[in-house]
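Novice: Below is the structure I would like to discuss, written out as structure tokens.
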Amino acid sequence: MPALLELHRYPVKSMYRLSPREAVVEPWGLRGDRRWMLARPSGAAVTQRDQPALAGFRPELAEDGSLLVTAPDGATLRVPAPRTPSVRGEVFGWTFAAAEAEEKAQLWFRERLDDPELRLLHLPDPRAREIDPAFGEPGETVSLADGYPLLAVTTASIAALNDWLVAGGGEALPVSRFRPSVVIDGTEPWEEDHWRRLRIGEVTFRAVKLCGRCVVTTTDQEAGERRGAEPLRTLQKRRRFDKKAAFGVNLIPERPDGVTGDALGTLRLGDEVTVLSRGERLPAA
């Protein structure tokens, strides 16, 4: 029986991960996942595509909602979550109302990333950003993830990709390169390409789209540095669909009957994974 092997959430978009043993699923993603991001003056998100060094910043969330960040140089920042949306945020062309963090946070990141324009933004209301209607249902929203609440990858597909990399004279790569929300063990390679609905523990998800990969996969998530052209080069050769290099599958959680609050259920390491329906290969774009 396939099972949930790893859980990851990313309090700040493009920064280091947290890997809890369990996590509450909300309609827009794992609780505490990607409610903060760095942005340009226009509100456009700054990610590892522009700043690979972001991977070296390690965030945590305090019980009072404030953000704690440790920089690669050991310096620390604590900043309360602003509650009043006052500025424009943007992720891949989709705009929403965001709140700007206090000035000391802006200066802290500008100094450490040598970028005088950076701003730290918070998403107070995760209902503010709708999922692409081509894949989501009316009213479904997402936090500050690229496009969808969760990203699932499987150990079998990672192993298959690593076989290709090693056969080509390269090195096997860790799952962290793909920044997944959930890692599932016990499937066949590339089985996830055909999922439509699956249940992980007590939560059911729709699989809506393969994840088109970008240069972030070439970034060492421990060092915050680019490491050549892999795995993107191999994915472009072996896994090119709809003009995208695909790896992993995007998930949208379903609301169980009778559940009215934000918590849809809790995922726990070791949870059984049941594929409820399959179909043709999912689109990648």
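Following the order of the structure tokens, first chain is A, next is B, and so on, with residues numbered from 1 inside each chain and ligands from 1 in the order they appear.
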Give me the residues near Arg197 of chain A as a list in words, where near means some atom within 6 Å (using only C-alpha atoms) and where sequence neighbours in that chain fewer than 5 positions away do not count.

Specialist: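 Answer for this query is Phe205, Arg206, Ala207, Leu276 and Ser277 of chain A.
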
Novice: Deliver the residues from the most recent selection as a file, using N, CA, C and O atoms, as a short mmCIF file (atom, residue, chain, number, x, y, z; two decimals), in the first residue's frame.

Specialist:
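Below is the file that was written, again_23.cif:
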```cif
data_model
loop_
_atom_site.label_atom_id
_atom_site.label_comp_id
_atom_site.auth_asym_id
_atom_site.auth_seq_id
_atom_site.Cartn_x
_atom_site.Cartn_y
_atom_site.Cartn_z
N PHE A 205 -8.00 14.47 -2.29
CA PHE A 205 -7.49 15.51 -3.17
C PHE A 205 -7.88 15.22 -4.61
O PHE A 205 -7.99 14.06 -5.01
N ARG A 206 -8.03 16.27 -5.41
CA ARG A 206 -8.08 16.16 -6.86
C ARG A 206 -6.68 16.41 -7.40
O ARG A 206 -6.02 17.37 -7.02
N ALA A 207 -6.24 15.55 -8.30
CA ALA A 207 -5.00 15.78 -9.04
C ALA A 207 -5.38 16.50 -10.33
O ALA A 207 -6.16 15.97 -11.13
N LEU A 276 -8.06 6.89 -5.94
CA LEU A 276 -9.50 6.65 -6.08
C LEU A 276 -9.94 6.61 -7.53
O LEU A 276 -10.93 5.94 -7.87
N SER A 277 -9.24 7.33 -8.40
CA SER A 277 -9.57 7.27 -9.83
C SER A 277 -8.37 7.70 -10.65
O SER A 277 -7.52 8.47 -10.18
#
```

Novice: Taking only C-alpha atoms into account, produce a table as a Markdown table in which each residue of segment 121-239 of chain A with an atom at most 6 Å from an atom of segment 246-251 of chain A appears once, together with its shortest atom pair and the distance in Å to one decimal, ordered by chain and rising number.

Specialist:
```
| residue | atom | partner | partner_atom | distance |
| --- | --- | --- | --- | --- |
| A:Leu150 | CA | A:Leu251 | CA | 5.1 |
| A:Leu151 | CA | A:Asn250 | CA | 4.7 |
| A:Ala152 | CA | A:Val249 | CA | 5.3 |
| A:Val153 | CA | A:Gly248 | CA | 4.6 |
| A:Phe205 | CA | A:Leu251 | CA | 5.9 |
| A:Arg206 | CA | A:Leu251 | CA | 5.6 |
| A:Ala207 | CA | A:Leu251 | CA | 4.7 |
| A:Val208 | CA | A:Asn250 | CA | 6.0 |
| A:Lys209 | CA | A:Asn250 | CA | 5.3 |
| A:Leu210 | CA | A:Val249 | CA | 4.4 |
| A:Cys211 | CA | A:Ala246 | CA | 5.4 |
| A:Gly212 | CA | A:Ala246 | CA | 4.5 |
| A:Arg213 | CA | A:Ala246 | CA | 5.7 |
| A:Arg239 | CA | A:Ala246 | CA | 5.6 |
```

Novice: Would you kindly return, as a PyMOL selection string, each protein, DNA or RNA residue with an atom no farther than 6 Å from any atom of segment 218-220 of chain A, considering only C-alpha atoms and excluding same-chain residues fewer than 6 positions away?

Specialist: chain A and resi 226-227+230

Novice: Next, write the just-selected residues to a file, as a CSV table (one decimal), in the first residue's frame, keeping N, CA, C and O atoms as the atom set.

Specialist:
```csv
chain,number,residue,atom,x,y,z
A,226,ARG,N,23.2,27.5,-7.5
A,226,ARG,CA,22.9,26.8,-8.7
A,226,ARG,C,24.0,25.7,-8.8
A,226,ARG,O,25.2,25.9,-8.5
A,227,ARG,N,23.6,24.5,-9.4
A,227,ARG,CA,24.5,23.4,-9.5
A,227,ARG,C,24.4,22.8,-11.0
A,227,ARG,O,24.0,21.6,-11.2
A,230,GLU,N,21.2,20.1,-14.4
A,230,GLU,CA,20.4,19.0,-14.0
A,230,GLU,C,19.6,19.3,-12.7
A,230,GLU,O,20.1,20.1,-11.9
```

Novice: I'd like the contact shell of Gly139 of chain A - 12 Å cut-off, only C-alpha atoms, skipping same-chain residues fewer than 4 positions apart - returned as a VMD selection string.

Specialist: chain A and resid 27 to 28 126 to 133 135

Novice: Got time to write the residues from that selection, N, CA, C and O atoms, as a short mmCIF file (atom, residue, chain, number, x, y, z; two decimals), in the first residue's frame?

Specialist:
```cif
data_model
loop_
_atom_site.label_atom_id
_atom_site.label_comp_id
_atom_site.auth_asym_id
_atom_site.auth_seq_id
_atom_site.Cartn_x
_atom_site.Cartn_y
_atom_site.Cartn_z
N PRO A 27 -8.05 24.56 2.83
CA PRO A 27 -8.42 24.58 1.41
C PRO A 27 -7.34 25.13 0.50
O PRO A 27 -7.26 24.74 -0.68
N TRP A 28 -6.48 26.00 1.00
CA TRP A 28 -5.45 26.66 0.20
C TRP A 28 -4.06 26.07 0.39
O TRP A 28 -3.10 26.56 -0.18
N PRO A 126 -6.07 34.05 2.99
CA PRO A 126 -5.75 33.09 1.93
C PRO A 126 -6.89 32.86 0.95
O PRO A 126 -6.74 32.10 0.01
N ARG A 127 -8.01 33.53 1.18
CA ARG A 127 -9.11 33.46 0.22
C ARG A 127 -8.96 34.52 -0.88
O ARG A 127 -9.80 34.62 -1.77
N ALA A 128 -7.90 35.31 -0.80
CA ALA A 128 -7.74 36.45 -1.71
C ALA A 128 -7.21 36.07 -3.08
O ALA A 128 -7.30 36.86 -4.01
N ARG A 129 -6.66 34.87 -3.21
CA ARG A 129 -6.00 34.51 -4.47
C ARG A 129 -6.62 33.24 -5.03
O ARG A 129 -6.42 32.15 -4.50
N GLU A 130 -7.36 33.37 -6.12
CA GLU A 130 -8.05 32.23 -6.70
C GLU A 130 -7.11 31.35 -7.51
O GLU A 130 -6.14 31.84 -8.11
N ILE A 131 -7.42 30.06 -7.55
CA ILE A 131 -6.71 29.12 -8.41
C ILE A 131 -7.12 29.37 -9.86
O ILE A 131 -8.24 29.79 -10.15
N ASP A 132 -6.21 29.14 -10.77
CA ASP A 132 -6.50 29.26 -12.20
C ASP A 132 -7.82 28.53 -12.51
O ASP A 132 -7.93 27.33 -12.27
N PRO A 133 -8.83 29.25 -13.03
CA PRO A 133 -10.13 28.60 -13.26
C PRO A 133 -10.08 27.47 -14.28
O PRO A 133 -11.03 26.69 -14.38
N PHE A 135 -8.28 25.00 -13.94
CA PHE A 135 -8.03 23.79 -13.17
C PHE A 135 -8.77 23.76 -11.84
O PHE A 135 -8.95 22.69 -11.26
#
```

Novice: Given only C-alpha atoms as the basis, pick out the residue of A:Ala134, A:Ala160, A:Leu5, A:Val24 nearest to Trp190 of chain A.

Specialist: A:Ala160

Novice: Taking only C-alpha atoms into account, name the residue in A:Arg177, A:Arg199, A:His194, A:Lys104 that is nearest to Gln221 of chain A.

Specialist: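 So, comparing all the options, the nearest one is A:Arg177.
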
Novice: Write out as a list in words the residues lying within 9 Å of Ile184 of chain A, counting only C-alpha atoms and excluding same-chain residues fewer than 4 positions away.

Specialist: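 Final neighbour list, sorted by chain and number: Pro2, Ala3, Leu4, Leu5, Glu6, Ala152, Val153, Thr154, Thr155, Ala156 and Val273 of chain A.
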
Novice: Could you write out the selected residues, including all heavy atoms, as a PDB file, in the first residue's frame?

Specialist:
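Saved as selection.pdb:
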```
ATOM      1  N   PRO A   2       0.700   2.154  -0.946  1.00  0.00           N
ATOM      2  CA  PRO A   2       1.458   3.408  -0.914  1.00  0.00           C
ATOM      3  C   PRO A   2       1.207   4.161   0.389  1.00  0.00           C
ATOM      4  O   PRO A   2       0.124   4.056   0.989  1.00  0.00           O
ATOM      5  CB  PRO A   2       0.913   4.176  -2.125  1.00  0.00           C
ATOM      6  CG  PRO A   2       0.386   3.132  -3.039  1.00  0.00           C
ATOM      7  CD  PRO A   2      -0.162   2.054  -2.142  1.00  0.00           C
ATOM      8  N   ALA A   3       2.207   4.930   0.810  1.00  0.00           N
ATOM      9  CA  ALA A   3       2.102   5.636   2.083  1.00  0.00           C
ATOM     10  C   ALA A   3       2.816   6.984   2.006  1.00  0.00           C
ATOM     11  O   ALA A   3       3.696   7.201   1.168  1.00  0.00           O
ATOM     12  CB  ALA A   3       2.702   4.788   3.204  1.00  0.00           C
ATOM     13  N   LEU A   4       2.411   7.877   2.898  1.00  0.00           N
ATOM     14  CA  LEU A   4       3.020   9.203   2.989  1.00  0.00           C
ATOM     15  C   LEU A   4       4.367   9.086   3.697  1.00  0.00           C
ATOM     16  O   LEU A   4       4.423   8.726   4.874  1.00  0.00           O
ATOM     17  CB  LEU A   4       2.086  10.145   3.735  1.00  0.00           C
ATOM     18  CG  LEU A   4       2.578  11.569   3.943  1.00  0.00           C
ATOM     19  CD1 LEU A   4       2.820  12.269   2.616  1.00  0.00           C
ATOM     20  CD2 LEU A   4       1.579  12.362   4.789  1.00  0.00           C
ATOM     21  N   LEU A   5       5.431   9.414   2.976  1.00  0.00           N
ATOM     22  CA  LEU A   5       6.785   9.273   3.518  1.00  0.00           C
ATOM     23  C   LEU A   5       7.316  10.576   4.098  1.00  0.00           C
ATOM     24  O   LEU A   5       8.010  10.571   5.119  1.00  0.00           O
ATOM     25  CB  LEU A   5       7.725   8.784   2.409  1.00  0.00           C
ATOM     26  CG  LEU A   5       9.168   8.514   2.819  1.00  0.00           C
ATOM     27  CD1 LEU A   5       9.232   7.329   3.780  1.00  0.00           C
ATOM     28  CD2 LEU A   5      10.029   8.256   1.587  1.00  0.00           C
ATOM     29  N   GLU A   6       7.025  11.703   3.448  1.00  0.00           N
ATOM     30  CA  GLU A   6       7.549  13.003   3.893  1.00  0.00           C
ATOM     31  C   GLU A   6       6.472  14.066   3.749  1.00  0.00           C
ATOM     32  O   GLU A   6       5.634  14.012   2.842  1.00  0.00           O
ATOM     33  CB  GLU A   6       8.770  13.423   3.066  1.00  0.00           C
ATOM     34  CG  GLU A   6       9.961  12.498   3.172  1.00  0.00           C
ATOM     35  CD  GLU A   6      11.140  12.979   2.325  1.00  0.00           C
ATOM     36  OE1 GLU A   6      11.224  14.195   2.050  1.00  0.00           O
ATOM     37  OE2 GLU A   6      11.957  12.126   1.921  1.00  0.00           O
ATOM     38  N   ALA A 152       2.649  16.989  -5.016  1.00  0.00           N
ATOM     39  CA  ALA A 152       3.027  15.626  -4.628  1.00  0.00           C
ATOM     40  C   ALA A 152       4.060  15.070  -5.585  1.00  0.00           C
ATOM     41  O   ALA A 152       3.968  15.274  -6.801  1.00  0.00           O
ATOM     42  CB  ALA A 152       1.800  14.718  -4.625  1.00  0.00           C
ATOM     43  N   VAL A 153       5.062  14.379  -5.035  1.00  0.00           N
ATOM     44  CA  VAL A 153       6.006  13.615  -5.848  1.00  0.00           C
ATOM     45  C   VAL A 153       6.089  12.213  -5.256  1.00  0.00           C
ATOM     46  O   VAL A 153       5.700  11.980  -4.108  1.00  0.00           O
ATOM     47  CB  VAL A 153       7.402  14.258  -5.887  1.00  0.00           C
ATOM     48  CG1 VAL A 153       7.336  15.679  -6.437  1.00  0.00           C
ATOM     49  CG2 VAL A 153       8.071  14.254  -4.530  1.00  0.00           C
ATOM     50  N   THR A 154       6.597  11.271  -6.048  1.00  0.00           N
ATOM     51  CA  THR A 154       6.719   9.894  -5.572  1.00  0.00           C
ATOM     52  C   THR A 154       8.180   9.451  -5.576  1.00  0.00           C
ATOM     53  O   THR A 154       8.973   9.885  -6.421  1.00  0.00           O
ATOM     54  CB  THR A 154       5.904   8.924  -6.453  1.00  0.00           C
ATOM     55  OG1 THR A 154       6.505   8.827  -7.752  1.00  0.00           O
ATOM     56  CG2 THR A 154       4.465   9.384  -6.590  1.00  0.00           C
ATOM     57  N   THR A 155       8.520   8.585  -4.622  1.00  0.00           N
ATOM     58  CA  THR A 155       9.894   8.091  -4.542  1.00  0.00           C
ATOM     59  C   THR A 155      10.248   7.256  -5.769  1.00  0.00           C
ATOM     60  O   THR A 155      11.403   7.242  -6.205  1.00  0.00           O
ATOM     61  CB  THR A 155      10.106   7.261  -3.277  1.00  0.00           C
ATOM     62  OG1 THR A 155       9.156   6.181  -3.242  1.00  0.00           O
ATOM     63  CG2 THR A 155       9.925   8.113  -2.029  1.00  0.00           C
ATOM     64  N   ALA A 156       9.261   6.567  -6.346  1.00  0.00           N
ATOM     65  CA  ALA A 156       9.529   5.741  -7.529  1.00  0.00           C
ATOM     66  C   ALA A 156       9.935   6.602  -8.715  1.00  0.00           C
ATOM     67  O   ALA A 156      10.858   6.257  -9.475  1.00  0.00           O
ATOM     68  CB  ALA A 156       8.306   4.901  -7.878  1.00  0.00           C
ATOM     69  N   VAL A 273      -2.049   5.855   1.344  1.00  0.00           N
ATOM     70  CA  VAL A 273      -2.440   6.635   0.168  1.00  0.00           C
ATOM     71  C   VAL A 273      -3.232   5.710  -0.753  1.00  0.00           C
ATOM     72  O   VAL A 273      -2.744   4.640  -1.140  1.00  0.00           O
ATOM     73  CB  VAL A 273      -1.213   7.198  -0.573  1.00  0.00           C
ATOM     74  CG1 VAL A 273      -1.640   7.937  -1.838  1.00  0.00           C
ATOM     75  CG2 VAL A 273      -0.419   8.121   0.351  1.00  0.00           C
TER      76      VAL A 273
END
```

Novice: Which polymer residues have any atom within 9 Å of an atom of Gly265 of chain A, counting only C-alpha atoms, with same-chain residues fewer than 3 positions away left out, as a list in words?

Specialist: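 That gives Ala23, Val24, Val25, Glu26, Gly201, Glu202, Val203 and Pro256 of chain A.
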
Novice: Hey, what does DSSP flag as alpha helix (DSSP H) within segment 25-147 of chain A? Can you give it to me as a VMD selection string?

Specialist: chain A and resid 103 to 113

Novice: List every residue of segment 170-218 of chain A that DSSP, applied to the backbone of this structure, assigns to strand (DSSP E), and report them as a PyMOL selection string.

Specialist: chain A and resi 182-185+195-200+203-212

Novice: Store the residues picked out above, limited to N, CA, C and O atoms, as a CSV table (one decimal), in the first residue's frame.

Specialist:
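Final output, saved to part.csv:
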```csv
chain,number,residue,atom,x,y,z
A,182,VAL,N,4.2,16.9,-0.3
A,182,VAL,CA,4.1,15.5,0.1
A,182,VAL,C,5.0,14.6,-0.8
A,182,VAL,O,5.0,14.8,-2.0
A,183,VAL,N,5.6,13.6,-0.1
A,183,VAL,CA,6.4,12.6,-0.8
A,183,VAL,C,5.7,11.3,-0.5
A,183,VAL,O,5.6,10.9,0.6
A,184,ILE,N,5.4,10.6,-1.6
A,184,ILE,CA,4.6,9.3,-1.5
A,184,ILE,C,5.5,8.1,-1.9
A,184,ILE,O,6.1,8.2,-2.9
A,185,ASP,N,5.5,7.1,-1.1
A,185,ASP,CA,6.3,5.9,-1.3
A,185,ASP,C,5.4,4.8,-1.7
A,185,ASP,O,4.2,4.7,-1.3
A,195,TRP,N,-3.2,10.1,-12.2
A,195,TRP,CA,-4.1,10.3,-11.0
A,195,TRP,C,-5.2,11.3,-11.3
A,195,TRP,O,-5.0,12.3,-12.0
A,196,ARG,N,-6.4,11.1,-10.8
A,196,ARG,CA,-7.5,12.0,-10.8
A,196,ARG,C,-7.9,12.4,-9.4
A,196,ARG,O,-8.1,13.6,-9.1
A,197,ARG,N,-8.1,11.4,-8.6
A,197,ARG,CA,-8.5,11.7,-7.2
A,197,ARG,C,-7.7,10.7,-6.3
A,197,ARG,O,-7.5,9.5,-6.7
A,198,LEU,N,-7.2,11.1,-5.2
A,198,LEU,CA,-6.5,10.2,-4.2
A,198,LEU,C,-6.9,10.7,-2.8
A,198,LEU,O,-7.2,11.8,-2.5
A,199,ARG,N,-6.7,9.7,-1.9
A,199,ARG,CA,-6.9,10.0,-0.5
A,199,ARG,C,-5.6,9.7,0.2
A,199,ARG,O,-5.0,8.7,0.1
A,200,ILE,N,-5.2,10.7,1.0
A,200,ILE,CA,-4.0,10.5,1.9
A,200,ILE,C,-4.5,10.6,3.3
A,200,ILE,O,-5.0,11.7,3.8
A,203,VAL,N,-7.7,12.8,4.2
A,203,VAL,CA,-8.0,13.9,3.3
A,203,VAL,C,-8.0,13.4,1.9
A,203,VAL,O,-7.1,12.7,1.4
A,204,THR,N,-9.0,13.9,1.1
A,204,THR,CA,-9.1,13.5,-0.3
A,204,THR,C,-8.7,14.7,-1.2
A,204,THR,O,-9.0,15.9,-0.8
A,205,PHE,N,-8.0,14.5,-2.3
A,205,PHE,CA,-7.5,15.5,-3.2
A,205,PHE,C,-7.9,15.2,-4.6
A,205,PHE,O,-8.0,14.1,-5.0
A,206,ARG,N,-8.0,16.3,-5.4
A,206,ARG,CA,-8.1,16.2,-6.9
A,206,ARG,C,-6.7,16.4,-7.4
A,206,ARG,O,-6.0,17.4,-7.0
A,207,ALA,N,-6.2,15.6,-8.3
A,207,ALA,CA,-5.0,15.8,-9.0
A,207,ALA,C,-5.4,16.5,-10.3
A,207,ALA,O,-6.2,16.0,-11.1
A,208,VAL,N,-4.9,17.7,-10.5
A,208,VAL,CA,-5.4,18.6,-11.6
A,208,VAL,C,-4.4,18.8,-12.7
A,208,VAL,O,-4.8,19.2,-13.8
A,209,LYS,N,-3.1,18.7,-12.4
A,209,LYS,CA,-2.1,19.2,-13.4
A,209,LYS,C,-0.7,18.6,-13.0
A,209,LYS,O,-0.4,18.6,-11.8
A,210,LEU,N,0.1,18.2,-14.0
A,210,LEU,CA,1.5,18.0,-13.8
A,210,LEU,C,2.2,19.3,-13.5
A,210,LEU,O,1.8,20.3,-14.0
A,211,CYS,N,3.3,19.2,-12.8
A,211,CYS,CA,4.0,20.4,-12.4
A,211,CYS,C,5.1,20.7,-13.5
A,211,CYS,O,6.0,19.9,-13.6
A,212,GLY,N,5.0,21.8,-14.2
A,212,GLY,CA,6.1,22.2,-15.1
A,212,GLY,C,7.2,22.8,-14.4
A,212,GLY,O,7.1,23.7,-13.6
```

Novice: Give me the residues within 8 Å of Glu222 of chain A as an MDAnalysis selection string, counting only C-alpha atoms and dropping any in the same chain fewer than 2 places off.

Specialist: chainID A and resid 55:56 220 224

Novice: Between A:Asp114, A:Glu60, A:Asp242, A:Glu137, single out the one closest to Arg34 of chain A, counting only C-alpha atoms.

Specialist: A:Glu60

Novice: Between A:Ala167, A:Leu107, A:Leu161, A:Leu54, single out the one closest to Leu120 of chain A, counting only C-alpha atoms.

Specialist: A:Leu107
